[in-house]
Structures are given as C-alpha cells and as structure tokens.
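Containing TSV, C-alpha atoms: protein_27.tsv.
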```tsv
chain	number	residue	atom	x	y	z
C	1	MET	CA	10.63	-4.56	25.91
C	2	SER	CA	11.84	-1.15	24.87
C	3	LYS	CA	11.47	2.16	26.58
C	4	THR	CA	10.42	5.20	24.58
C	5	THR	CA	11.52	8.69	25.39
C	6	THR	CA	8.07	9.50	26.74
C	7	GLY	CA	8.46	6.91	29.46
C	8	PHE	CA	5.88	4.50	28.16
C	9	THR	CA	6.85	0.92	27.48
C	10	ASN	CA	5.80	-1.13	24.53
C	11	LYS	CA	5.76	-4.87	24.32
C	12	LEU	CA	6.51	-6.08	20.82
C	13	GLU	CA	6.75	-9.81	20.95
C	14	ILE	CA	7.05	-11.92	17.86
C	15	PRO	CA	4.44	-14.69	17.98
C	16	THR	CA	5.13	-18.28	17.06
C	17	PRO	CA	4.57	-18.50	13.31
C	18	ARG	CA	1.80	-20.53	11.73
C	19	GLU	CA	4.17	-22.59	9.67
C	20	LYS	CA	7.85	-23.25	9.60
C	21	LEU	CA	8.45	-20.51	7.05
C	22	HIS	CA	8.94	-16.98	8.36
C	23	HIS	CA	7.77	-14.31	5.99
C	24	PRO	CA	10.17	-11.34	6.28
C	25	MET	CA	7.24	-8.99	6.98
C	26	ASP	CA	5.98	-11.15	9.87
C	27	ARG	CA	7.41	-8.79	12.44
C	28	TYR	CA	5.01	-6.09	11.26
C	29	LEU	CA	1.99	-8.41	11.17
C	30	ARG	CA	-0.34	-9.90	13.73
C	31	THR	CA	0.10	-13.31	12.18
C	32	GLU	CA	-2.23	-14.99	14.65
C	33	ARG	CA	-5.10	-13.26	12.83
C	34	PHE	CA	-4.12	-14.59	9.44
C	35	PRO	CA	-5.36	-15.53	6.86
C	36	HIS	CA	-7.02	-12.13	6.50
C	37	ILE	CA	-10.62	-11.59	5.40
C	38	TRP	CA	-9.89	-9.90	2.06
C	39	CYS	CA	-11.18	-11.75	-0.98
C	40	ALA	CA	-8.93	-13.58	-3.39
C	41	THR	CA	-7.55	-11.06	-5.97
C	42	CYS	CA	-8.42	-8.08	-3.74
C	43	GLY	CA	-5.65	-5.49	-3.82
C	44	ILE	CA	-5.73	-4.33	-0.20
C	45	GLY	CA	-3.23	-6.98	0.90
C	46	THR	CA	-0.86	-5.78	-1.80
C	47	ILE	CA	-1.22	-2.20	-0.57
C	48	LEU	CA	-0.49	-3.41	2.96
C	49	THR	CA	2.73	-5.03	1.71
C	50	ALA	CA	3.63	-1.74	0.03
C	51	PHE	CA	2.95	0.09	3.29
C	52	ILE	CA	5.17	-2.25	5.27
C	53	SER	CA	7.92	-2.03	2.70
C	54	GLY	CA	7.63	1.78	2.65
C	55	LEU	CA	7.72	1.84	6.44
C	56	GLU	CA	10.84	-0.33	6.50
C	57	LYS	CA	12.57	1.99	4.03
C	58	SER	CA	11.58	5.12	5.95
C	59	GLY	CA	13.63	3.96	8.93
C	60	LEU	CA	10.97	4.97	11.45
C	61	GLU	CA	10.93	2.95	14.64
C	62	GLN	CA	8.11	0.48	15.03
C	63	GLU	CA	7.14	2.02	18.36
C	64	LYS	CA	6.88	5.50	16.90
C	65	VAL	CA	4.28	4.68	14.26
C	66	ALA	CA	0.55	4.35	14.92
C	67	VAL	CA	-2.03	3.19	12.41
C	68	VAL	CA	-5.66	4.23	12.60
C	69	SER	CA	-8.39	2.95	10.33
C	70	GLY	CA	-12.11	3.34	9.96
C	71	ILE	CA	-14.84	0.96	8.88
C	72	GLY	CA	-14.81	-1.02	5.67
C	73	CYS	CA	-12.70	-3.63	3.96
C	74	SER	CA	-9.56	-1.52	4.23
C	75	GLY	CA	-10.43	-0.68	7.83
C	76	ARG	CA	-9.25	-4.16	8.74
C	77	ALA	CA	-5.68	-3.11	7.93
C	78	ALA	CA	-5.09	-1.65	11.39
C	79	GLY	CA	-6.02	-4.94	13.00
C	80	TYR	CA	-3.50	-6.89	10.97
C	81	LEU	CA	-0.52	-4.61	11.63
C	82	ARG	CA	1.75	-5.23	14.61
C	83	LEU	CA	1.99	-1.54	15.37
C	84	ASP	CA	0.05	0.62	17.78
C	85	SER	CA	-3.22	0.56	15.92
C	86	PHE	CA	-6.85	1.41	16.42
C	87	HIS	CA	-9.99	0.52	14.48
C	88	THR	CA	-12.32	3.48	14.92
C	89	THR	CA	-16.01	4.02	14.21
C	90	HIS	CA	-17.27	4.83	10.74
C	91	GLY	CA	-15.67	7.93	9.29
C	92	ARG	CA	-13.92	8.95	12.48
C	93	ALA	CA	-10.44	7.69	11.72
C	94	ILE	CA	-9.09	11.19	11.07
C	95	PRO	CA	-10.50	12.80	14.28
C	96	PHE	CA	-8.99	9.97	16.32
C	97	ALA	CA	-5.69	10.28	14.47
C	98	THR	CA	-5.73	14.06	14.92
C	99	GLY	CA	-6.02	13.63	18.67
C	100	LEU	CA	-3.30	11.03	18.70
C	101	SER	CA	-0.97	13.18	16.64
C	102	LEU	CA	-1.54	16.34	18.70
C	103	GLY	CA	-1.43	14.51	22.03
C	104	ASN	CA	1.84	12.79	21.26
C	105	PRO	CA	3.68	14.74	18.55
C	106	GLU	CA	6.49	12.16	18.58
C	107	LEU	CA	4.21	9.63	16.95
C	108	LYS	CA	3.88	9.32	13.20
C	109	VAL	CA	0.19	8.66	12.73
C	110	VAL	CA	-0.97	6.91	9.57
C	111	VAL	CA	-4.59	6.54	8.55
C	112	ILE	CA	-5.29	3.58	6.28
C	113	SER	CA	-8.90	3.58	5.26
C	114	GLY	CA	-11.25	3.39	2.33
C	115	ASP	CA	-12.95	5.92	0.12
C	116	GLY	CA	-16.34	5.35	1.73
C	117	ASP	CA	-14.95	5.94	5.18
C	118	LEU	CA	-12.62	8.85	4.50
C	119	VAL	CA	-14.51	10.74	1.82
C	120	ALA	CA	-18.18	9.95	2.37
C	121	ILE	CA	-18.96	9.90	6.07
C	122	GLY	CA	-15.58	11.29	7.08
C	123	GLY	CA	-15.36	13.86	4.27
C	124	ASN	CA	-15.59	16.84	6.56
C	125	HIS	CA	-12.84	15.53	8.83
C	126	LEU	CA	-10.60	14.95	5.82
C	127	ILE	CA	-10.87	18.49	4.49
C	128	HIS	CA	-10.45	20.10	7.89
C	129	ALA	CA	-7.43	18.00	8.84
C	130	ALA	CA	-5.94	18.98	5.48
C	131	ARG	CA	-6.83	22.63	6.04
C	132	ARG	CA	-5.08	22.64	9.43
C	133	ASN	CA	-2.15	20.69	7.96
C	134	ILE	CA	-2.05	18.22	10.82
C	135	ASP	CA	0.92	15.85	10.69
C	136	LEU	CA	-0.89	12.80	9.31
C	137	THR	CA	-0.30	10.40	6.46
C	138	ILE	CA	-3.54	9.32	4.81
C	139	ILE	CA	-3.63	6.23	2.61
C	140	CYS	CA	-7.03	6.20	0.96
C	141	ILE	CA	-7.78	2.84	-0.64
C	142	ASN	CA	-10.26	3.57	-3.41
C	143	ASN	CA	-12.25	0.62	-4.72
C	144	PHE	CA	-15.08	2.75	-6.14
C	145	ASN	CA	-17.88	1.36	-3.94
C	146	TYR	CA	-18.88	0.35	-0.43
C	147	ALA	CA	-17.54	-3.17	-0.73
C	148	MET	CA	-18.01	-4.51	2.78
C	149	THR	CA	-21.74	-3.71	2.92
C	150	GLY	CA	-22.64	-5.11	-0.49
C	151	GLY	CA	-21.41	-2.83	-3.24
C	152	GLN	CA	-23.51	0.32	-2.80
C	153	ALA	CA	-22.65	3.37	-4.86
C	154	GLY	CA	-20.34	5.76	-3.02
C	155	PRO	CA	-18.82	9.18	-3.55
C	156	THR	CA	-16.13	7.83	-5.87
C	157	THR	CA	-18.27	5.51	-8.03
C	158	PRO	CA	-17.68	6.65	-11.63
C	159	ILE	CA	-20.62	7.66	-13.83
C	160	GLU	CA	-22.00	4.60	-15.71
C	161	ALA	CA	-20.58	2.10	-13.22
C	162	ASN	CA	-23.09	-0.36	-11.85
C	163	ALA	CA	-23.58	-0.66	-8.10
C	164	SER	CA	-26.19	-2.37	-5.98
C	165	THR	CA	-27.92	0.97	-5.32
C	166	ALA	CA	-27.40	2.06	-8.93
C	167	PRO	CA	-28.64	-0.90	-10.99
C	168	TYR	CA	-28.83	1.14	-14.22
C	169	GLY	CA	-25.45	2.73	-13.61
C	170	CYS	CA	-24.37	5.53	-11.35
C	171	TYR	CA	-25.37	9.03	-12.49
C	172	GLU	CA	-23.80	11.13	-9.73
C	173	PHE	CA	-20.62	13.08	-10.26
C	174	PRO	CA	-17.80	11.40	-8.33
C	175	PHE	CA	-15.13	13.07	-6.24
C	176	ASN	CA	-11.70	13.74	-7.66
C	177	LEU	CA	-9.74	12.87	-4.53
C	178	PRO	CA	-6.30	14.38	-5.32
C	179	PHE	CA	-7.99	17.66	-6.29
C	180	LEU	CA	-10.05	17.60	-3.08
C	181	ALA	CA	-6.92	17.01	-0.99
C	182	GLU	CA	-4.82	19.61	-2.77
C	183	SER	CA	-7.46	22.30	-2.66
C	184	SER	CA	-8.02	21.63	1.04
C	185	GLY	CA	-4.33	22.22	1.73
C	186	ALA	CA	-2.51	18.88	1.71
C	187	VAL	CA	1.26	19.20	1.29
C	188	TYR	CA	1.80	15.85	-0.42
C	189	VAL	CA	-0.70	14.34	-2.85
C	190	ALA	CA	-0.14	11.22	-4.93
C	191	ARG	CA	-2.23	8.61	-6.65
C	192	TRP	CA	-1.17	5.08	-7.52
C	193	THR	CA	-2.88	1.82	-8.30
C	194	ALA	CA	-2.40	-1.48	-6.52
C	195	LEU	CA	-0.21	-2.54	-9.45
C	196	HIS	CA	2.34	0.31	-9.10
C	197	ILE	CA	3.58	-1.36	-6.00
C	198	ARG	CA	7.19	-0.14	-5.86
C	199	ARG	CA	6.28	3.43	-6.75
C	200	LEU	CA	3.56	3.28	-4.12
C	201	ALA	CA	6.04	2.05	-1.51
C	202	LYS	CA	8.41	4.89	-2.43
C	203	SER	CA	5.55	7.36	-2.20
C	204	ILE	CA	4.57	6.01	1.22
C	205	THR	CA	8.17	6.46	2.43
C	206	GLU	CA	8.17	10.05	1.18
C	207	ALA	CA	4.80	10.74	2.77
C	208	LEU	CA	5.88	9.24	6.11
C	209	LEU	CA	8.96	11.45	6.21
C	210	LYS	CA	7.05	14.56	5.15
C	211	PRO	CA	5.83	16.75	8.00
C	212	GLY	CA	2.25	17.77	7.42
C	213	PHE	CA	-0.86	16.34	5.84
C	214	SER	CA	0.05	13.86	3.11
C	215	PHE	CA	-2.59	12.11	1.06
C	216	ILE	CA	-2.09	9.05	-1.13
C	217	GLU	CA	-4.99	7.65	-3.10
C	218	VAL	CA	-4.55	4.03	-4.11
C	219	ILE	CA	-6.85	2.53	-6.73
C	220	CYS	CA	-7.63	-1.01	-5.66
C	221	PRO	CA	-9.33	-3.85	-7.52
C	222	CYS	CA	-12.52	-5.10	-5.89
C	223	SER	CA	-13.15	-8.52	-7.36
C	224	THR	CA	-16.25	-9.58	-5.49
C	225	LEU	CA	-18.45	-6.51	-5.96
C	226	TYR	CA	-17.22	-3.78	-8.29
C	227	ALA	CA	-15.68	-6.14	-10.86
C	228	ARG	CA	-18.47	-8.72	-10.63
C	229	ARG	CA	-21.34	-6.24	-10.91
C	230	ASN	CA	-19.68	-4.50	-13.85
C	231	ARG	CA	-18.62	-7.75	-15.57
C	232	LEU	CA	-14.96	-6.76	-15.42
C	233	GLY	CA	-13.60	-10.19	-14.50
C	234	THR	CA	-11.44	-10.78	-11.48
C	235	GLY	CA	-9.01	-8.57	-9.64
C	236	LEU	CA	-6.26	-9.88	-11.90
C	237	ASP	CA	-8.15	-8.57	-14.95
C	238	LEU	CA	-8.44	-5.18	-13.25
C	239	MET	CA	-4.68	-5.26	-12.55
C	240	LYS	CA	-4.12	-5.88	-16.26
C	241	PHE	CA	-6.49	-2.99	-16.98
C	242	TYR	CA	-4.38	-0.73	-14.72
C	243	HIS	CA	-1.27	-1.92	-16.51
C	244	ASP	CA	-2.69	-0.91	-19.89
C	245	ASN	CA	-4.52	2.25	-18.88
C	246	ALA	CA	-2.54	3.94	-16.13
C	247	LEU	CA	-0.54	6.97	-17.23
C	248	ILE	CA	2.26	8.14	-14.96
C	249	LYS	CA	2.28	11.92	-14.98
C	250	HIS	CA	4.13	13.49	-12.08
C	251	GLY	CA	3.07	17.00	-11.23
C	252	ALA	CA	-0.11	16.79	-13.30
C	253	ASP	CA	-2.78	19.41	-12.70
C	254	THR	CA	-5.11	17.76	-10.19
C	255	ARG	CA	-8.14	19.46	-11.75
C	256	GLU	CA	-7.79	17.34	-14.85
C	257	ILE	CA	-7.28	13.90	-13.40
C	258	ASP	CA	-10.76	12.79	-12.48
C	259	ILE	CA	-11.49	9.12	-13.05
C	260	ARG	CA	-14.06	8.10	-15.64
C	261	TYR	CA	-15.52	4.62	-15.90
C	262	GLN	CA	-12.99	2.21	-17.47
C	263	ASP	CA	-10.94	5.07	-18.85
C	264	GLN	CA	-7.36	6.26	-18.49
C	265	ILE	CA	-6.16	6.64	-14.89
C	266	VAL	CA	-3.56	9.36	-14.37
C	267	VAL	CA	-1.21	8.35	-11.56
C	268	GLY	CA	1.86	9.95	-10.05
C	269	LYS	CA	2.98	12.41	-7.45
C	270	PHE	CA	0.99	15.57	-7.99
C	271	VAL	CA	1.82	17.85	-5.07
C	272	ASP	CA	4.91	18.04	-2.88
C	273	LYS	CA	5.28	21.39	-1.15
C	274	ASP	CA	6.44	22.69	2.20
C	275	LYS	CA	4.11	24.36	4.63
C	276	PRO	CA	4.29	24.68	8.44
C	277	THR	CA	2.27	22.01	10.21
C	278	PHE	CA	-0.51	22.78	12.67
C	279	LEU	CA	1.79	22.45	15.69
C	280	GLN	CA	4.65	24.46	14.19
C	281	LYS	CA	2.25	27.20	13.15
C	282	ARG	CA	0.50	27.23	16.53
C	283	ASP	CA	3.72	27.40	18.53
C	284	LYS	CA	5.17	30.15	16.36
C	285	PHE	CA	1.99	32.19	16.39
C	286	LEU	CA	1.39	31.92	20.13
C	287	ARG	CA	5.03	32.62	20.92
C	288	GLU	CA	4.77	35.83	18.95
C	289	LYS	CA	1.54	36.83	20.69
C	290	LEU	CA	2.31	35.72	24.25
C	291	GLY	CA	6.06	36.05	24.44
C	292	GLU	CA	7.55	34.44	27.53
C	293	LYS	CA	4.14	33.54	28.94
C	294	PHE	CA	3.80	30.81	26.29
C	295	ILE	CA	4.75	27.31	27.47
C	296	PRO	CA	4.83	24.88	24.57
C	297	TYR	CA	3.27	21.44	25.00
C	298	LYS	CA	5.98	18.81	25.32
C	299	GLY	CA	3.96	15.67	24.75
C	300	PRO	CA	2.84	13.15	27.34
C	301	GLN	CA	4.95	13.10	30.50
C	302	PRO	CA	5.63	9.96	32.55
C	303	ILE	CA	3.66	9.90	35.79
Y	1	MET	CA	19.11	-11.03	-26.47
Y	2	THR	CA	21.36	-13.41	-28.39
Y	3	TYR	CA	25.11	-13.26	-28.92
Y	4	TRP	CA	27.09	-14.47	-31.96
Y	5	ARG	CA	29.94	-15.54	-29.67
Y	6	VAL	CA	30.46	-16.00	-25.99
Y	7	PRO	CA	31.18	-12.55	-24.43
Y	8	LEU	CA	34.82	-12.32	-23.26
Y	9	ASP	CA	33.97	-11.07	-19.79
Y	10	LEU	CA	31.36	-13.74	-19.16
Y	11	ASP	CA	33.22	-15.16	-16.17
Y	12	GLN	CA	32.94	-11.78	-14.45
Y	13	VAL	CA	29.19	-11.50	-15.01
Y	14	GLU	CA	27.10	-12.33	-11.97
Y	15	ILE	CA	23.36	-12.72	-12.05
Y	16	PRO	CA	21.60	-12.20	-8.70
Y	17	HIS	CA	19.71	-15.25	-7.63
Y	18	GLY	CA	16.92	-15.73	-5.13
Y	19	ASN	CA	15.43	-18.68	-3.40
Y	20	ILE	CA	11.63	-18.53	-3.60
Y	21	GLN	CA	9.66	-19.79	-0.62
Y	22	ILE	CA	5.91	-20.35	-0.85
Y	23	ILE	CA	3.67	-20.69	2.21
Y	24	VAL	CA	1.23	-22.90	0.32
Y	25	ASN	CA	-1.66	-22.95	2.75
Y	26	GLN	CA	-1.83	-19.18	2.99
Y	27	CYS	CA	-2.31	-18.67	-0.76
Y	28	LYS	CA	-5.72	-17.65	-2.16
Y	29	GLY	CA	-4.78	-18.34	-5.76
Y	30	CYS	CA	-5.05	-14.78	-7.11
Y	31	GLY	CA	-2.29	-15.38	-9.65
Y	32	PHE	CA	-0.63	-11.96	-9.27
Y	33	CYS	CA	2.82	-13.49	-8.77
Y	34	VAL	CA	2.43	-15.83	-11.74
Y	35	GLU	CA	1.24	-13.01	-14.00
Y	36	TYR	CA	3.78	-10.38	-13.01
Y	37	CYS	CA	6.98	-12.40	-12.45
Y	38	PRO	CA	9.35	-10.76	-14.96
Y	39	LYS	CA	11.15	-14.06	-15.60
Y	40	SER	CA	8.08	-16.33	-15.63
Y	41	VAL	CA	9.54	-18.43	-12.87
Y	42	LEU	CA	6.16	-19.39	-11.46
Y	43	ALA	CA	3.15	-21.25	-12.81
Y	44	MET	CA	-0.19	-22.11	-11.27
Y	45	SER	CA	-0.30	-25.63	-9.94
Y	46	THR	CA	-3.13	-28.04	-10.66
Y	47	ASP	CA	-3.18	-29.14	-7.01
Y	48	PHE	CA	-5.23	-27.53	-4.28
Y	49	ASN	CA	-4.02	-26.26	-0.94
Y	50	ARG	CA	-5.79	-26.79	2.38
Y	51	LYS	CA	-8.27	-24.01	1.62
Y	52	GLY	CA	-9.09	-25.31	-1.86
Y	53	TYR	CA	-7.16	-22.79	-3.92
Y	54	HIS	CA	-4.61	-23.43	-6.64
Y	55	TYR	CA	-1.23	-22.15	-5.54
Y	56	PRO	CA	1.88	-21.19	-7.54
Y	57	ASN	CA	4.61	-23.68	-8.32
Y	58	ILE	CA	8.21	-22.84	-9.11
Y	59	VAL	CA	8.86	-24.10	-12.63
Y	60	LYS	CA	12.10	-22.33	-13.64
Y	61	ARG	CA	13.89	-22.00	-10.33
Y	62	ASN	CA	17.28	-21.00	-11.76
Y	63	LEU	CA	15.84	-17.99	-13.66
Y	64	CYS	CA	14.89	-16.12	-10.48
Y	65	VAL	CA	16.82	-12.84	-10.25
Y	66	ASN	CA	15.78	-11.95	-6.69
Y	67	CYS	CA	13.73	-8.92	-7.74
Y	68	ASN	CA	11.26	-9.55	-4.86
Y	69	LEU	CA	8.29	-8.52	-6.98
Y	70	CYS	CA	6.33	-11.64	-6.03
Y	71	GLU	CA	6.95	-10.88	-2.38
Y	72	ILE	CA	5.72	-7.32	-2.61
Y	73	ILE	CA	2.75	-8.01	-4.90
Y	74	CYS	CA	1.39	-10.99	-2.95
Y	75	PRO	CA	-1.72	-9.83	-1.04
Y	76	GLU	CA	-1.60	-12.83	1.27
Y	77	PHE	CA	2.01	-12.66	2.53
Y	78	ALA	CA	2.35	-16.19	1.17
Y	79	ILE	CA	5.49	-15.93	-0.98
Y	80	PHE	CA	8.90	-14.49	-0.29
Y	81	VAL	CA	12.41	-14.61	-1.65
Y	82	THR	CA	15.62	-15.11	0.26
Y	83	ASP	CA	19.04	-14.13	-1.04
Y	84	ASP	CA	21.00	-16.87	-2.68
Y	85	LYS	CA	24.49	-16.98	-4.13
Y	86	PRO	CA	24.66	-15.07	-7.43
Y	87	ARG	CA	25.12	-17.44	-10.33
Y	88	HIS	CA	27.38	-17.22	-13.36
Y	89	PRO	CA	25.63	-17.53	-16.69
Y	90	ASP	CA	26.24	-20.73	-18.60
Y	91	PRO	CA	28.01	-19.95	-21.96
Y	92	GLU	CA	25.78	-22.27	-23.94
Y	93	GLU	CA	22.70	-20.76	-22.36
Y	94	VAL	CA	23.87	-17.26	-23.32
Y	95	LEU	CA	24.45	-18.25	-26.95
Y	96	LYS	CA	20.98	-19.73	-27.14
Y	97	GLY	CA	19.58	-16.54	-25.69
Y	98	GLY	CA	17.99	-18.38	-22.83
Y	99	GLY	CA	18.51	-17.72	-19.18
Y	100	ASN	CA	19.02	-14.01	-19.51
Y	101	HIS	CA	15.73	-12.94	-20.98
Y	102	GLU	CA	12.08	-13.51	-20.35
Y	103	GLY	CA	11.12	-17.12	-20.62
```
What do you get writing this file as structure tokens?
Amino acid sequence: MSKTTTGFTNKLEIPTPREKLHHPMDRYLRTERFPHIWCATCGIGTILTAFISGLEKSGLEQEKVAVVSGIGCSGRAAGYLRLDSFHTTHGRAIPFATGLSLGNPELKVVVISGDGDLVAIGGNHLIHAARRNIDLTIICINNFNYAMTGGQAGPTTPIEANASTAPYGCYEFPFNLPFLAESSGAVYVARWTALHIRRLAKSITEALLKPGFSFIEVICPCSTLYARRNRLGTGLDLMKFYHDNALIKHGADTREIDIRYQDQIVVGKFVDKDKPTFLQKRDKFLREKLGEKFIPYKGPQPI
Amino acid sequence: MTYWRVPLDLDQVEIPHGNIQIIVNQCKGCGFCVEYCPKSVLAMSTDFNRKGYHYPNIVKRNLCVNCNLCEIICPEFAIFVTDDKPRHPDPEEVLKGGGNHEG
C-alpha cells in the first residue's frame, strides 16, 4: 500500500498468475480477466502493449495515471489495465476524463477509445477538450467501423469500403482525424498503425509527458468485420498492407493526410507545439484579474 | 553477410541473446510474432493449445537477439523474452554467413 501526496491510498496488489510464467507486463494488467475478448489478429492488444511499454518508459508512477475509455472494442482496454480506470458510457470518455483531470491535476489522465466512441458520438467533446487544451492524452484506435455492434459504417469509414450499413460501399466523406485534432487546438498530434509498435510506444511516452491535449490516432486491423466484409484477409494481411503502404512523414501537413480506401497511409508525428493548458491559462488569467483575491485550486484535500 | 576469413576481433564480438518464453494457452494464433521476428526464430506449430489455436514454436533458439519485438507485438501477452548471456559467434558459422543474418 502506498500513500499519495493527496492523502488517498491505493492498493496495488499483484494477483496470482494464471500460469507459472510471469509476463513482464503483468503488473500493469488485470490478469484475472484474461484472456481478453479481442479477436485473433485484432490489433488492439498490440496497441495496449505499446501503451504499457510507453508508460514504463515515461517513468510516471502507476498511481498517478488514470485510464478512461468509452464503449466499443477498444473501450475494454480500461478494464484490462491495472491502473485507476473507468469504463464510461458511449462517447462520454472525454467529459469524464476532463472532470478527473481538473479535479485532481496531479493525475495524468489517458483516454483509450475507438473512433466510433471518440469521433462519432463523442465528437463534440473531443473538439471542445482540444479547444480548451485540457491536460489529456487521447489514444484513438481507428478500425474504420463500429466493430463491436456488427460492422456498421462510422465517421472514419473510407469511401468505397463495405460495411453492414453500406452494402454497396460507403459514400460519405470520412473524417481526417489528425486534421480535426490539430484544427481544434491539440498540442501533440500523431498517427501510427498497429504495426509501428516501437514508434507508437515512443509517441505515447512523448504524449504522456506533454502537458496539454495530445492526440494519437492508431490504425488498427479489424479482422472479423472490416477485413472480412471487404475481403481483405485476416489482421495479419492488414499488417502486411500497413507495412507496404504506410509512409512515415513527420511534420506532414495534416490537411493532406486523409485516408482513402486501401491507399497509402501517411503516419508520423504531425504536430508538437507548446501552449498553456486549461489550468495554467485559467490560473494566470484569474490571477491577473483578481489579484490577491484569487485562491488557486490545490487538488483534492484529505479529509 | 559473408566473410572471406574469420574477422580478427571475433572473440570480442558479443551478440545479445534472449530466452523466449511462450504462454501457450494464452495464444490466439495470430502469427504476428512468427511473421515479424527479424531472425525467423519462431514458426507456427501444428499442435493446438487448450483453446484450439496453433501457437508459435521456437525453431532457431540460438538466433534470438533479444530485440523484444515478439513481446511488444503480441496482442495476447502470451510471449516474452528474458535476458540471457550474450553469446560469441562461432567462427565457422560466420564464414558460412549463417547465424548473423536473417535465416
């Protein structure tokens, strides 16, 4: 049992492992819930490994990191991580994380969720959290459809791609997520695929240590729905596709990196700039206006 | 890469070596580790695990260079690598070009 500076205590007990072998990442995982529900050749597990490895490298304490996720395949990530985590309602991961981050500024709050959760139903929350530059790290796992509910077309489904609600192919214009995040005011924007695992882990470390709203889009193979409906093979075939078609272009103009169906995917770190966060800006502004009358919020106090 | 003679500093060369551990019953047989191992250390087995998936087998154990790629790419947390003593390359192996390049 360890005591945090805020006076709260956290129990972090390591459970008895399932087998004799201890995976080195077991201390970050709720191993009693394993094996996880993700399909064979799904990339979300790989992204979770990258997150844990990025978290280890960042040197943040396990008690000081909270993970929030929404609904969907990737929403399960919070439940599998042995960190303070919460599985929120559909689309409301960012509002919950905003409250958590503002209520306890010591915490590093990470949102791991999918494209359908963060960009479709939670789209408004995403742009406003980015606009306010709240100290959050968003990992948006993009598998191009609503995979948990049966492969419906979503806001990121590329034109021509087949989905269960688009049997002749999707004809809507999809979102370009890095452009959306950058134009809304995010200070760190990157895009990787589930194959660029080391670069993704490095990017996650950078995003965790960056104060402000950081957004990482991760392209993830969906073997059971997106790949099956579009006759693209398994997740392994999609990984090979990423290997052949991903172009690393750091600092690329986010306006020109939209994803077309089975076409080149531009990946890399696109935006990394410094901007005062919501709390820094608020404190500075109110101190100027109110002078000595202003009492800054010091986080939760022990009772 | 092949050499026409044994390099003179061969006794000073150390190749990192890892010990691969596979939690067989946690594997879902995606094949990521087999496909992306840079030294082709792993191969898919013909056996099934408890869940009915084929799992990876270690076929060229001594070629592992402890890069940890299998550990980080595995979506199931079913494979990991522990540090092992670095090994010295075998002179005959170096002349044949084996052991130090992709298998």
Interface list for chain Y, partner chain C, 7 Å threshold, all atoms listed in the file, as an NGL selection string: :Y and (23 or 26 or 28-30 or 32 or 72-77 or 80)
Near-C:Thr205 list (7 Å; all atoms listed in the file; drop same-chain fewer than 6 positions) as a VMD selection string: chain C and resid 54 to 55 57 to 58
Atom CA of C:His87 to atom CA of C:Leu238, distance in Å rounded to a single decimal: 28.4 Å
Top pick for closest residue to C:Ala227, considering C:Thr149, C:Asn143, C:Ser85, C:Asn124 and counting only C-alpha atoms: C:Asn143
Of the listed residues Y:Asn57, Y:Gln21, Y:Thr2, Y:Gln12, that which approaches Y:Asp83 most closely, counting only C-alpha atoms: Y:Gln21
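Across the structure, atom CA of C:Glu206 and atom CA of C:Lys269 are spaced 10.3 Å apart.
Each of Y:Ile22, Y:Tyr55, Y:Val6, Y:Val13 was checked against Y:Glu71 using only C-alpha atoms; the smallest atom-to-atom distance is that of Y:Ile22.
When atom CA of C:Tyr146 is paired with atom CA of C:Arg82, their separation reads 26.1 Å.
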Pick from Y:Cys70, Y:Val81, Y:Cys37, Y:Cys27 nearest to Y:Lys51, counting all atoms listed in the file: Y:Cys27
Residue neighbourhood C:Val110, 12 Å, only C-alpha atoms, exclusion window fewer than 2 positions, as a PyMOL selection string: chain C and resi 51-52+55+64-70+77-78+81+83-86+93-94+96-98+100-101+107-108+112-113+134-140+204-205+207-210+212-216
